[in-house]
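work_20.cif (mmCIF, C-alpha atoms) appears below.
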```cif
data_final
loop_
_atom_site.label_atom_id
_atom_site.label_comp_id
_atom_site.auth_asym_id
_atom_site.auth_seq_id
_atom_site.Cartn_x
_atom_site.Cartn_y
_atom_site.Cartn_z
CA MET Y 69 106.03 142.20 51.22
CA LYS Y 70 106.18 144.04 54.51
CA MET Y 71 103.46 142.83 56.85
CA ARG Y 72 101.26 145.09 58.93
CA VAL Y 73 102.36 145.57 62.51
CA ASN Y 74 99.97 147.10 65.01
CA ILE Y 75 100.83 149.80 67.51
CA LEU Y 76 101.15 147.41 70.45
CA PHE Y 77 103.78 145.29 68.74
CA ILE Y 78 105.74 148.38 67.67
CA VAL Y 79 105.86 149.47 71.31
CA LEU Y 80 107.13 146.04 72.37
CA LEU Y 81 109.72 146.08 69.60
CA VAL Y 82 111.05 149.45 70.72
CA LEU Y 83 111.20 148.30 74.32
CA SER Y 84 113.08 145.14 73.35
CA VAL Y 85 116.12 147.08 72.15
CA GLN Y 86 116.29 149.51 75.07
CA VAL Y 87 118.82 149.20 77.86
CA PHE Y 88 117.49 146.32 79.92
CA SER Y 89 118.17 147.88 83.28
CA SER Y 90 115.67 150.62 82.52
CA LEU Y 91 112.79 148.16 82.23
CA ALA Y 92 110.58 147.13 85.12
CA GLY Y 93 110.28 143.38 85.69
CA ARG Y 94 106.94 141.64 85.83
CA SER Y 95 105.79 138.11 86.43
CA VAL Y 96 105.18 135.54 83.73
CA PRO Y 97 101.57 134.28 83.94
CA ARG Y 98 101.64 130.61 84.95
CA ASP Y 99 98.19 129.84 83.54
CA LYS Y 100 98.56 131.56 80.17
CA GLU Y 101 96.54 129.69 77.57
CA LEU Y 102 98.52 128.59 74.52
CA LYS Y 103 97.06 130.01 71.33
CA TYR Y 104 97.68 128.06 68.16
CA ASP Y 105 96.29 130.88 66.02
CA ILE Y 106 98.97 133.15 67.44
CA LYS Y 107 99.34 136.64 65.97
CA ARG Y 108 102.61 138.51 65.75
CA ASP Y 109 101.30 141.23 68.07
CA GLU Y 110 100.63 138.62 70.77
CA ILE Y 111 104.31 137.73 71.11
CA ASP Y 112 105.87 139.41 74.14
CA LEU Y 113 109.63 139.73 73.71
CA THR Y 114 110.11 142.43 76.32
CA PRO Y 115 113.37 141.69 78.14
CA GLY Y 116 113.52 141.43 81.90
CA LEU Y 117 110.53 139.16 82.53
CA SER Y 118 110.92 137.56 85.95
CA ILE Y 119 109.59 134.55 87.78
CA ASP Y 120 108.41 134.48 91.36
CA GLU Y 121 110.60 131.86 93.04
CA GLU Y 122 114.17 132.11 94.21
CA PRO Y 123 116.53 130.27 91.84
CA SER Y 124 117.12 126.59 92.51
CA HIS Y 125 120.63 125.17 92.76
CA MET Y 126 120.54 124.10 89.10
CA GLU Y 127 119.25 127.50 88.07
CA GLN Y 128 122.07 129.11 90.03
CA ASP Y 129 124.59 126.94 88.13
CA CYS Y 130 123.05 128.09 84.86
CA ILE Y 131 123.08 131.74 85.88
CA ARG Y 132 126.70 131.43 86.96
CA PHE Y 133 127.65 130.01 83.54
CA LEU Y 134 125.90 132.88 81.76
CA ILE Y 135 127.54 135.53 83.92
CA GLN Y 136 131.00 133.99 83.51
CA ASN Y 137 130.76 133.91 79.72
CA MET Y 138 128.48 136.80 78.73
CA PRO Y 139 129.91 139.73 76.74
CA VAL Y 140 130.98 142.83 78.64
CA THR Y 141 128.16 144.86 77.10
CA ASP Y 142 125.63 142.35 78.45
CA HIS Y 143 127.14 142.67 81.92
CA MET Y 144 126.31 146.35 81.72
CA SER Y 145 122.72 145.95 80.53
CA LEU Y 146 121.17 142.60 81.48
CA ARG Y 147 119.50 142.10 84.82
CA TYR Y 148 119.64 139.10 87.13
CA THR Y 149 115.91 138.51 86.66
CA PHE Y 150 116.45 138.15 82.92
CA LEU Y 151 119.17 135.52 83.47
CA HIS Y 152 117.00 133.73 86.03
CA ASN Y 153 114.20 133.52 83.49
CA GLN Y 154 116.55 132.02 80.88
CA ALA Y 155 117.74 129.39 83.35
CA HIS Y 156 114.22 128.54 84.53
CA TYR Y 157 112.75 127.93 81.08
CA ALA Y 158 115.85 126.21 79.70
CA LEU Y 159 115.70 123.69 82.56
CA LYS Y 160 111.95 123.37 82.13
CA ALA Y 161 112.46 122.40 78.47
CA ARG Y 162 115.21 119.97 79.48
CA VAL Y 163 112.76 117.71 81.34
CA ASP Y 164 109.95 117.80 78.78
CA ASN Y 165 111.32 115.12 76.44
CA PRO Y 166 113.69 112.15 76.93
CA TRP Y 167 116.02 113.37 74.17
CA ALA Y 168 116.31 116.76 75.87
CA SER Y 169 117.09 115.19 79.24
CA ALA Y 170 119.80 113.05 77.61
CA VAL Y 171 121.78 116.04 76.34
CA PRO Y 172 125.11 116.22 78.24
CA TRP Y 173 125.27 119.05 80.75
CA ASP Y 174 128.17 120.86 79.06
CA VAL Y 175 126.39 120.73 75.69
CA PHE Y 176 123.21 122.01 77.35
CA LEU Y 177 125.02 124.93 78.96
CA ASN Y 178 126.69 126.12 75.77
CA ASN Y 179 124.03 125.32 73.17
CA VAL Y 180 120.61 125.35 74.88
CA LEU Y 181 120.88 127.80 77.77
CA PRO Y 182 122.39 130.90 76.03
CA TYR Y 183 120.04 133.79 75.26
CA ALA Y 184 122.08 135.06 72.28
CA ASN Y 185 124.02 133.76 69.29
CA LEU Y 186 125.98 136.64 67.77
CA ASP Y 187 125.62 140.41 68.24
CA GLU Y 188 121.85 140.59 67.74
CA PRO Y 189 119.73 142.76 70.10
CA ARG Y 190 119.03 140.97 73.38
CA GLU Y 191 115.44 139.84 73.94
CA ASP Y 192 113.49 137.39 76.05
CA TRP Y 193 112.34 135.18 73.19
CA ARG Y 194 112.60 132.02 75.30
CA THR Y 195 109.38 132.36 77.31
CA SER Y 196 107.05 132.86 74.34
CA PHE Y 197 108.94 130.44 72.11
CA TYR Y 198 108.75 127.73 74.77
CA GLU Y 199 104.98 128.08 75.04
CA LEU Y 200 104.48 128.22 71.27
CA PHE Y 201 106.88 125.54 70.09
CA SER Y 202 106.89 122.88 72.82
CA PRO Y 203 103.68 121.25 71.51
CA LEU Y 204 105.28 120.95 68.07
CA VAL Y 205 108.00 118.61 69.36
CA ALA Y 206 106.01 116.69 71.98
CA ASN Y 207 105.99 113.37 70.11
CA THR Y 208 109.40 113.50 68.44
CA ALA Y 209 112.06 110.84 68.94
CA SER Y 210 115.33 112.80 68.86
CA THR Y 211 116.84 116.26 68.69
CA LEU Y 212 117.04 115.99 64.90
CA ASP Y 213 113.42 114.87 64.61
CA ALA Y 214 112.36 117.73 66.85
CA ALA Y 215 114.39 120.29 64.89
CA THR Y 216 112.91 118.99 61.63
CA ALA Y 217 109.40 119.41 63.06
CA LEU Y 218 110.19 123.00 64.00
CA ASN Y 219 111.73 123.82 60.62
CA ASN Y 220 108.63 122.47 58.89
CA LYS Y 221 106.13 124.47 60.95
CA ILE Y 222 107.38 127.62 62.67
CA TRP Y 223 107.75 129.83 59.60
CA THR Y 224 104.02 129.79 58.83
CA LEU Y 225 102.65 129.35 62.34
CA GLY Y 226 99.39 131.23 62.82
CA ASP Y 227 99.51 134.35 60.66
CA TRP Y 228 103.29 134.22 60.29
CA ASN Y 229 104.70 134.03 56.78
CA ILE Y 230 108.42 134.49 57.34
CA SER Y 231 110.53 134.54 54.19
CA PHE Y 232 114.09 135.10 53.03
CA LYS Y 233 115.20 138.53 51.84
CA ALA Y 234 118.85 139.21 51.08
CA GLY Y 235 120.90 142.05 52.54
CA GLN Y 236 119.07 142.50 55.85
CA THR Y 237 121.96 141.96 58.29
CA PRO Y 238 122.61 143.63 60.70
CA ASP Y 239 119.31 145.54 60.56
CA ILE Y 240 117.09 142.45 61.02
CA MET Y 241 118.63 139.84 63.31
CA SER Y 242 116.65 139.33 66.52
CA PRO Y 243 113.39 137.33 66.72
CA SER Y 244 111.22 140.43 67.20
CA GLN Y 245 112.85 142.11 64.21
CA VAL Y 246 112.21 139.03 62.06
CA LEU Y 247 108.59 138.83 63.21
CA SER Y 248 107.88 142.52 62.75
CA HIS Y 249 109.20 142.59 59.18
CA GLY Y 250 108.17 139.09 58.16
CA TYR Y 251 111.55 138.39 56.57
CA ALA Y 252 115.30 138.29 57.16
CA SER Y 253 118.46 137.25 55.37
CA CYS Y 254 120.39 134.10 56.26
CA THR Y 255 121.75 135.39 59.58
CA GLY Y 256 118.41 136.54 60.99
CA LEU Y 257 116.72 133.31 59.91
CA ALA Y 258 119.53 131.21 61.41
CA ILE Y 259 119.27 133.05 64.74
CA PHE Y 260 115.48 132.65 64.76
CA PHE Y 261 115.74 128.90 64.13
CA VAL Y 262 118.50 128.37 66.70
CA ASP Y 263 116.44 130.26 69.30
CA ALA Y 264 113.38 128.15 68.47
CA CYS Y 265 115.44 124.98 68.94
CA ARG Y 266 116.95 126.13 72.21
CA ALA Y 267 113.55 127.14 73.57
CA VAL Y 268 112.42 123.49 73.49
CA GLY Y 269 115.70 121.93 74.65
CA ILE Y 270 117.44 121.21 71.33
CA PRO Y 271 121.19 122.02 71.29
CA ALA Y 272 121.74 124.31 68.30
CA ARG Y 273 124.22 126.93 67.11
CA VAL Y 274 124.89 129.27 64.20
CA ALA Y 275 127.61 128.25 61.74
CA GLY Y 276 128.87 130.07 58.70
CA ILE Y 277 131.58 131.55 56.53
CA ALA Y 278 132.44 135.24 56.25
CA GLU Y 279 133.37 135.08 52.57
CA TRP Y 280 133.12 132.28 50.03
CA THR Y 281 136.53 131.70 48.49
CA GLU Y 282 135.77 132.29 44.81
CA THR Y 283 132.34 133.87 44.56
CA GLY Y 284 132.47 136.18 47.59
CA GLY Y 285 129.54 136.85 49.87
CA ASN Y 286 128.91 135.34 53.28
CA HIS Y 287 126.47 132.74 54.52
CA ASN Y 288 125.23 131.53 57.91
CA TRP Y 289 123.25 128.38 58.66
CA VAL Y 290 122.28 126.15 61.60
CA GLU Y 291 123.87 123.12 63.26
CA VAL Y 292 121.97 120.80 65.61
CA TRP Y 293 123.59 118.35 68.02
CA HIS Y 294 122.52 114.69 68.12
CA ASN Y 295 124.38 111.91 69.96
CA GLY Y 296 127.76 113.63 69.73
CA VAL Y 297 127.40 114.70 66.10
CA TRP Y 298 126.65 118.16 64.73
CA SER Y 299 124.44 118.04 61.64
CA PHE Y 300 123.67 121.08 59.53
CA THR Y 301 120.67 122.46 57.69
CA GLU Y 302 119.15 125.62 56.30
CA PRO Y 303 116.40 127.44 58.17
CA LEU Y 304 113.22 127.93 56.18
CA GLY Y 305 114.01 124.61 54.52
CA PHE Y 306 111.83 122.42 52.37
CA PRO Y 307 109.59 120.07 54.38
CA ASN Y 308 111.44 116.98 55.58
CA ARG Y 309 114.60 117.80 53.65
CA PRO Y 310 117.39 115.43 54.81
CA TRP Y 311 120.02 116.81 57.11
CA ASN Y 312 123.42 117.72 55.64
CA GLN Y 313 121.94 118.34 52.19
CA THR Y 314 121.98 122.03 51.33
CA TRP Y 315 122.71 124.25 48.36
CA PHE Y 316 126.22 125.00 49.69
CA PHE Y 317 127.31 121.39 50.31
CA PRO Y 318 129.53 119.93 48.99
CA GLU Y 319 130.02 122.98 46.73
CA PRO Y 320 131.18 125.62 47.56
CA VAL Y 321 132.03 124.23 51.02
CA ARG Y 322 134.87 122.13 49.60
CA ARG Y 323 136.65 125.37 48.60
CA ALA Y 324 136.78 126.75 52.15
CA LYS Y 325 140.28 127.40 53.49
CA LEU Y 326 141.55 125.74 56.64
CA HIS Y 327 142.69 128.18 59.37
CA SER Y 328 141.47 131.19 57.39
CA TYR Y 329 139.44 133.75 59.32
CA ALA Y 330 137.72 135.09 56.20
CA HIS Y 331 137.40 131.89 54.16
CA GLY Y 332 137.11 129.25 56.89
CA ILE Y 333 133.94 127.84 58.44
CA TYR Y 334 133.16 128.67 62.07
CA ALA Y 335 130.51 127.72 64.61
CA ALA Y 336 129.44 130.23 67.25
CA SER Y 337 129.86 129.53 70.96
CA PHE Y 338 128.75 131.23 74.17
CA ASN Y 339 131.56 129.71 76.21
CA HIS Y 340 134.98 131.31 75.72
CA THR Y 341 137.12 129.37 73.24
CA GLY Y 342 140.11 131.63 72.61
CA HIS Y 343 138.90 132.06 69.02
CA PHE Y 344 136.21 134.18 67.39
CA PHE Y 345 133.28 133.80 65.02
CA PRO Y 346 133.80 136.28 62.13
CA LEU Y 347 130.99 138.81 61.68
CA ALA Y 348 130.74 139.46 57.95
CA TRP Y 349 128.80 142.72 58.41
CA ARG Y 350 131.64 144.38 60.32
CA ASP Y 351 134.84 145.90 58.96
CA GLU Y 352 137.49 143.21 58.51
CA TYR Y 353 134.97 140.78 60.05
CA GLU Y 354 135.80 142.13 63.50
CA SER Y 355 134.27 140.06 66.28
CA THR Y 356 134.33 139.31 69.99
CA ILE Y 357 131.87 136.41 69.63
CA PRO Y 358 133.53 133.13 70.71
CA GLY Y 359 133.67 130.42 68.09
CA TYR Y 360 135.18 127.15 66.92
CA GLU Y 361 136.81 126.66 63.57
CA VAL Y 362 135.07 123.66 62.02
CA THR Y 363 136.51 123.97 58.52
CA LYS Y 364 138.24 120.58 58.57
CA TYR Y 365 135.02 118.96 59.74
CA TYR Y 366 133.22 120.27 56.63
CA LEU Y 367 136.11 119.69 54.22
CA ASP Y 368 136.39 116.05 55.27
CA ALA Y 369 132.64 115.56 54.85
CA ALA Y 370 132.67 117.28 51.44
CA ALA Y 371 135.52 115.08 50.27
CA GLU Y 372 133.63 112.01 51.44
CA ALA Y 373 130.45 113.22 49.74
CA GLY Y 374 132.37 113.62 46.49
CA LEU Y 375 132.92 109.86 46.41
CA VAL Y 376 129.24 109.01 46.75
CA VAL Y 377 127.26 108.12 43.61
CA ALA Y 378 123.55 108.54 43.08
CA CYS Y 379 121.17 105.88 44.32
CA ASP Y 380 119.27 103.68 41.89
CA ASP Y 381 116.37 106.12 41.90
CA GLY Y 382 118.68 109.00 41.01
CA SER Y 383 118.48 110.71 44.40
CA PRO Y 384 121.72 111.68 46.16
CA LEU Y 385 122.91 109.54 49.04
CA SER Y 386 123.10 111.56 52.26
CA VAL Y 387 126.46 111.66 53.99
CA GLU Y 388 126.12 112.30 57.71
CA VAL Y 389 128.74 114.83 58.73
CA GLY Y 390 130.98 113.37 61.40
CA GLN Y 391 130.12 109.77 60.60
CA GLY Y 392 133.13 107.56 61.19
CA ARG Y 393 135.30 110.39 62.53
CA ASN Y 394 135.51 112.97 65.27
CA PRO Y 395 132.19 114.81 64.84
CA GLY Y 396 133.57 118.24 65.60
CA PRO Y 397 132.96 118.51 69.34
CA ASP Y 398 133.07 121.74 71.27
CA VAL Y 399 136.80 122.27 71.02
CA ALA Y 400 138.71 124.67 68.81
CA GLN Y 401 140.47 123.07 65.88
CA PRO Y 402 144.24 122.84 66.46
CA GLY Y 403 146.09 125.63 64.72
CA ALA Y 404 143.04 127.82 64.17
CA ASN Y 405 143.97 131.46 64.41
CA ASP Y 406 141.97 133.95 66.41
CA GLY Y 407 141.08 136.61 63.94
CA LYS Y 408 143.67 137.17 61.22
CA GLU Y 409 143.75 135.91 57.67
CA GLN Y 410 146.61 133.56 56.85
#
```
What does this structure look like when you write it as structure tokens?
Amino acid sequence: MKMRVNILFIVLLVLSVQVFSSLAGRSVPRDKELKYDIKRDEIDLTPGLSIDEEPSHMEQDCIRFLIQNMPVTDHMSLRYTFLHNQAHYALKARVDNPWASAVPWDVFLNNVLPYANLDEPREDWRTSFYELFSPLVANTASTLDAATALNNKIWTLGDWNISFKAGQTPDIMSPSQVLSHGYASCTGLAIFFVDACRAVGIPARVAGIAEWTETGGNHNWVEVWHNGVWSFTEPLGFPNRPWNQTWFFPEPVRRAKLHSYAHGIYAASFNHTGHFFPLAWRDEYESTIPGYEVTKYYLDAAAEAGLVVACDDGSPLSVEVGQGRNPGPDVAQPGANDGKEQ
């Protein structure tokens, strides 16, 4: 059911998809009171918000990384103040919790700092998401614990009631689009969850397959980094559902094809990899979004899961992806092609 959106939020939504250089910057209030009964029309996702200080050395390093790796279209539209704001709040989240501070710098740059995942409209979700979601992870023990806390709470925060609705990509992908409609398909929900994770310092990325081998159709989900291992889950999941237990694992994941652009499994990247994440909503899955092929990582885990029997209580035994093997670090799989079906 489509939820009511007031005039103010509609104005903000329209502004969020305009060319960023046409927007006037303004300062982020430092003393803004956090509202736990937040309404959708109180979320400001207007791009180009700026902070008052000159960038620190660490912020400059972050801005440099973004500029070096951002898509050409973003070079033409995003302003320096927008990038400065991303760096400022990403570093702010990095010092809030011990598990965030412990994330390696290269993992932070590629999986916490980026302002975008795929080809969704560019917005400044980070400022509002940081203020809203930081209290939800304040007492968590790890990146996975923190991501679980977010997945359990953000979808119904305040008057939100975000749900799944098939066939919404690419029309509903960005956070403001998800909030204004109250629903999205797998891609929009995955982007929303990854952005929520990144806003509080959790390394996260979108993963998915452009076309299931036998049944057809695409699917995207979320991976979260913890101690060198990427674990996967579904956004909008059941409360406290174990990691690496989803409807698509081990079937139909085990039928994915290694080194196949259409039928392989990929994880999105902001840093250039020499390979691309297939966009299922484009003709021939055309894409300029960097990615890693992680098919072997999932196939090995699915094969291992196939050998596991049920526990005494009848519940399945969780297999942690990457356990006992290379956990699929941020490197392209050897032999992965860069955009053509084999």
Test item: residues at most 12 Å from Val171 (chain Y), all atoms listed in the file, excluding those fewer than 5 positions along its chain, as a ChimeraX atom specification | /Y:159,161-163,165-166,176-181,210-211,266,269-272,292-297
Mind telling me what the PyMOL selection byres ((chain Y and resi 203) around 12) catches here, as a list in words?
->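 This file gives the following for the PyMOL selection byres ((chain Y and resi 203) around 12): Leu102, Lys103, Tyr104, Ala161, Asp164, Asn165, Phe197, Tyr198, Glu199, Leu200, Phe201, Ser202, Leu204, Val205, Ala206, Asn207, Thr208, Ala214, Ala217, Leu218, Lys221, Ile222, Ala267 and Val268 of chain Y.
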Counting all atoms listed in the file, figure out which residue out of Y:Asp187, Y:Asp142, Y:Glu319, Y:Asp192 gets nearest to Trp349 (chain Y).
-> Y:Asp187
All residues 10 Å or closer to Pro238 (chain Y), all atoms listed in the file, same chain fewer than 6 positions away omitted, as a short mmCIF file (atom, residue, chain, number, x, y, z; two decimals) with C-alpha atoms, in the coordinates of the input:
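Once everything was written out, this is around22.cif:
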```
data_model
loop_
_atom_site.label_atom_id
_atom_site.label_comp_id
_atom_site.auth_asym_id
_atom_site.auth_seq_id
_atom_site.Cartn_x
_atom_site.Cartn_y
_atom_site.Cartn_z
CA ASP Y 187 125.62 140.41 68.24
CA GLU Y 188 121.85 140.59 67.74
CA PRO Y 189 119.73 142.76 70.10
CA ALA Y 252 115.30 138.29 57.16
CA SER Y 253 118.46 137.25 55.37
CA THR Y 255 121.75 135.39 59.58
CA GLY Y 256 118.41 136.54 60.99
CA LEU Y 347 130.99 138.81 61.68
CA ALA Y 348 130.74 139.46 57.95
CA TRP Y 349 128.80 142.72 58.41
CA ARG Y 350 131.64 144.38 60.32
#
```
Would you mind telling me which residue in Y:Arg322, Y:Arg273, Y:His331, Y:Lys160 lies nearest to Gly359 (chain Y) when using all atoms listed in the file?
->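 Checking each of Y:Arg322, Y:Arg273, Y:His331, Y:Lys160 against Gly359 (chain Y), counting all atoms listed in the file, the winner is Y:Arg273.
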Shortest interatomic distance to Val274 (chain Y) - which of Y:Ser244, Y:Ser145, Y:Ser337, Y:Asn286, counting all atoms listed in the file | Y:Ser337
Expected selection from the PyMOL selection byres ((chain Y and resi 275-284) around 8), given as a PyMOL selection string | chain Y and resi 273-274+285-291+320+323-325+329-336+346-348+353
For C-alpha atoms, I'd like the residues from the last selection saved as a PDB file, in the frame of the given file.
```pdb
ATOM      1  CA  ARG Y 273     124.220 126.930  67.110  1.00  0.00           C
ATOM      2  CA  VAL Y 274     124.890 129.270  64.200  1.00  0.00           C
ATOM      3  CA  GLY Y 285     129.540 136.850  49.870  1.00  0.00           C
ATOM      4  CA  ASN Y 286     128.910 135.340  53.280  1.00  0.00           C
ATOM      5  CA  HIS Y 287     126.470 132.740  54.520  1.00  0.00           C
ATOM      6  CA  ASN Y 288     125.230 131.530  57.910  1.00  0.00           C
ATOM      7  CA  TRP Y 289     123.250 128.380  58.660  1.00  0.00           C
ATOM      8  CA  VAL Y 290     122.280 126.150  61.600  1.00  0.00           C
ATOM      9  CA  GLU Y 291     123.870 123.120  63.260  1.00  0.00           C
ATOM     10  CA  PRO Y 320     131.180 125.620  47.560  1.00  0.00           C
ATOM     11  CA  ARG Y 323     136.650 125.370  48.600  1.00  0.00           C
ATOM     12  CA  ALA Y 324     136.780 126.750  52.150  1.00  0.00           C
ATOM     13  CA  LYS Y 325     140.280 127.400  53.490  1.00  0.00           C
ATOM     14  CA  TYR Y 329     139.440 133.750  59.320  1.00  0.00           C
ATOM     15  CA  ALA Y 330     137.720 135.090  56.200  1.00  0.00           C
ATOM     16  CA  HIS Y 331     137.400 131.890  54.160  1.00  0.00           C
ATOM     17  CA  GLY Y 332     137.110 129.250  56.890  1.00  0.00           C
ATOM     18  CA  ILE Y 333     133.940 127.840  58.440  1.00  0.00           C
ATOM     19  CA  TYR Y 334     133.160 128.670  62.070  1.00  0.00           C
ATOM     20  CA  ALA Y 335     130.510 127.720  64.610  1.00  0.00           C
ATOM     21  CA  ALA Y 336     129.440 130.230  67.250  1.00  0.00           C
ATOM     22  CA  PRO Y 346     133.800 136.280  62.130  1.00  0.00           C
ATOM     23  CA  LEU Y 347     130.990 138.810  61.680  1.00  0.00           C
ATOM     24  CA  ALA Y 348     130.740 139.460  57.950  1.00  0.00           C
ATOM     25  CA  TYR Y 353     134.970 140.780  60.050  1.00  0.00           C
TER      26      TYR Y 353
END
```
By how many Å are CA of Ala370 (chain Y) and CA of Thr341 (chain Y) apart?
-> 25.3 Å
Report the distance between CA of Arg190 (chain Y) and CA of Trp167 (chain Y) in Å, rounded to one decimal place.
-> 27.8 Å
So which residues are close to (108.8, 130.3, 62.1), meaning at most 9 Å away in the file's coordinates with all atoms listed in the file counted, and can you show them as a list in words?
-> Leu218, Asn219, Asn220, Lys221, Ile222, Trp223, Thr224, Leu225, Trp228, Asn229, Ile230, Leu247, Leu257, Phe260, Phe261, Ala264 and Leu304 of chain Y
Neighbour list for region 122-138 of chain Y as a short mmCIF file (atom, residue, chain, number, x, y, z; two decimals) with C-alpha atoms, keeping the file's coordinate frame, cut-off 6 Å, all atoms listed in the file, skip fewer than 4 positions in-chain:
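Final file, around.cif:
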```cif
data_model
loop_
_atom_site.label_atom_id
_atom_site.label_comp_id
_atom_site.auth_asym_id
_atom_site.auth_seq_id
_atom_site.Cartn_x
_atom_site.Cartn_y
_atom_site.Cartn_z
CA LEU Y 151 119.17 135.52 83.47
CA ALA Y 155 117.74 129.39 83.35
CA ASN Y 339 131.56 129.71 76.21
#
```
Would you please work out which residue, of Y:Pro307, Y:Met241, Y:Phe338, Y:Tyr366, is nearest to Val175 (chain Y) when using all atoms listed in the file?
->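 Closest to Val175 (chain Y) of all the choices is Y:Phe338.
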Shortest interatomic distance to Val262 (chain Y) - which of Y:Glu191, Y:Glu302, Y:Glu372, Y:Glu361, counting only C-alpha atoms =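 Among Y:Glu191, Y:Glu302, Y:Glu372, Y:Glu361, it is Y:Glu302 that comes nearest to Val262 (chain Y).
Note that the spacing between CA of Asp239 (chain Y) and CA of Ser355 (chain Y) amounts to 16.9 Å.
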Can you sort out the box for region 140-153 of chain Y, edges along x, y and z, all listed atoms in, 5 Å on every side, with centre and edge lengths in Å to one decimal, as lines of an AutoDock Vina configuration file?
```
center_x = 122.6
center_y = 139.9
center_z = 82.1
size_x = 26.8
size_y = 22.8
size_z = 20.0
```
Dump region 274-286 of chain Y with N, CA and C atoms to a file, as a PDB file, in the first residue's frame.
```pdb
ATOM      1  N   VAL Y 274      26.663  -4.604  -2.012  1.00  0.00           N
ATOM      2  CA  VAL Y 274      25.608  -5.332  -2.709  1.00  0.00           C
ATOM      3  C   VAL Y 274      26.231  -6.501  -3.458  1.00  0.00           C
ATOM      4  N   ALA Y 275      25.606  -7.659  -3.372  1.00  0.00           N
ATOM      5  CA  ALA Y 275      26.003  -8.826  -4.156  1.00  0.00           C
ATOM      6  C   ALA Y 275      24.774  -9.344  -4.884  1.00  0.00           C
ATOM      7  N   GLY Y 276      24.997 -10.102  -5.956  1.00  0.00           N
ATOM      8  CA  GLY Y 276      23.833 -10.617  -6.659  1.00  0.00           C
ATOM      9  C   GLY Y 276      24.175 -11.373  -7.921  1.00  0.00           C
ATOM     10  N   ILE Y 277      23.128 -11.817  -8.585  1.00  0.00           N
ATOM     11  CA  ILE Y 277      23.239 -12.564  -9.831  1.00  0.00           C
ATOM     12  C   ILE Y 277      22.247 -11.968 -10.825  1.00  0.00           C
ATOM     13  N   ALA Y 278      22.677 -11.798 -12.061  1.00  0.00           N
ATOM     14  CA  ALA Y 278      21.819 -11.167 -13.064  1.00  0.00           C
ATOM     15  C   ALA Y 278      20.702 -12.089 -13.525  1.00  0.00           C
ATOM     16  N   GLU Y 279      20.976 -13.394 -13.528  1.00  0.00           N
ATOM     17  CA  GLU Y 279      19.958 -14.343 -14.004  1.00  0.00           C
ATOM     18  C   GLU Y 279      20.228 -15.724 -13.422  1.00  0.00           C
ATOM     19  N   TRP Y 280      19.275 -16.239 -12.646  1.00  0.00           N
ATOM     20  CA  TRP Y 280      19.416 -17.598 -12.134  1.00  0.00           C
ATOM     21  C   TRP Y 280      19.476 -18.579 -13.300  1.00  0.00           C
ATOM     22  N   THR Y 281      20.292 -19.601 -13.161  1.00  0.00           N
ATOM     23  CA  THR Y 281      20.617 -20.478 -14.284  1.00  0.00           C
ATOM     24  C   THR Y 281      19.401 -21.173 -14.872  1.00  0.00           C
ATOM     25  N   GLU Y 282      18.538 -21.727 -14.049  1.00  0.00           N
ATOM     26  CA  GLU Y 282      17.432 -22.538 -14.564  1.00  0.00           C
ATOM     27  C   GLU Y 282      16.087 -21.818 -14.506  1.00  0.00           C
ATOM     28  N   THR Y 283      15.875 -21.043 -13.483  1.00  0.00           N
ATOM     29  CA  THR Y 283      14.559 -20.430 -13.299  1.00  0.00           C
ATOM     30  C   THR Y 283      14.460 -19.032 -13.887  1.00  0.00           C
ATOM     31  N   GLY Y 284      15.600 -18.409 -14.210  1.00  0.00           N
ATOM     32  CA  GLY Y 284      15.580 -17.038 -14.686  1.00  0.00           C
ATOM     33  C   GLY Y 284      15.329 -16.065 -13.549  1.00  0.00           C
ATOM     34  N   GLY Y 285      15.301 -14.792 -13.879  1.00  0.00           N
ATOM     35  CA  GLY Y 285      15.114 -13.769 -12.860  1.00  0.00           C
ATOM     36  C   GLY Y 285      16.420 -13.446 -12.160  1.00  0.00           C
ATOM     37  N   ASN Y 286      16.531 -12.229 -11.686  1.00  0.00           N
ATOM     38  CA  ASN Y 286      17.746 -11.806 -10.990  1.00  0.00           C
ATOM     39  C   ASN Y 286      17.484 -11.709  -9.498  1.00  0.00           C
TER      40      ASN Y 286
END
```
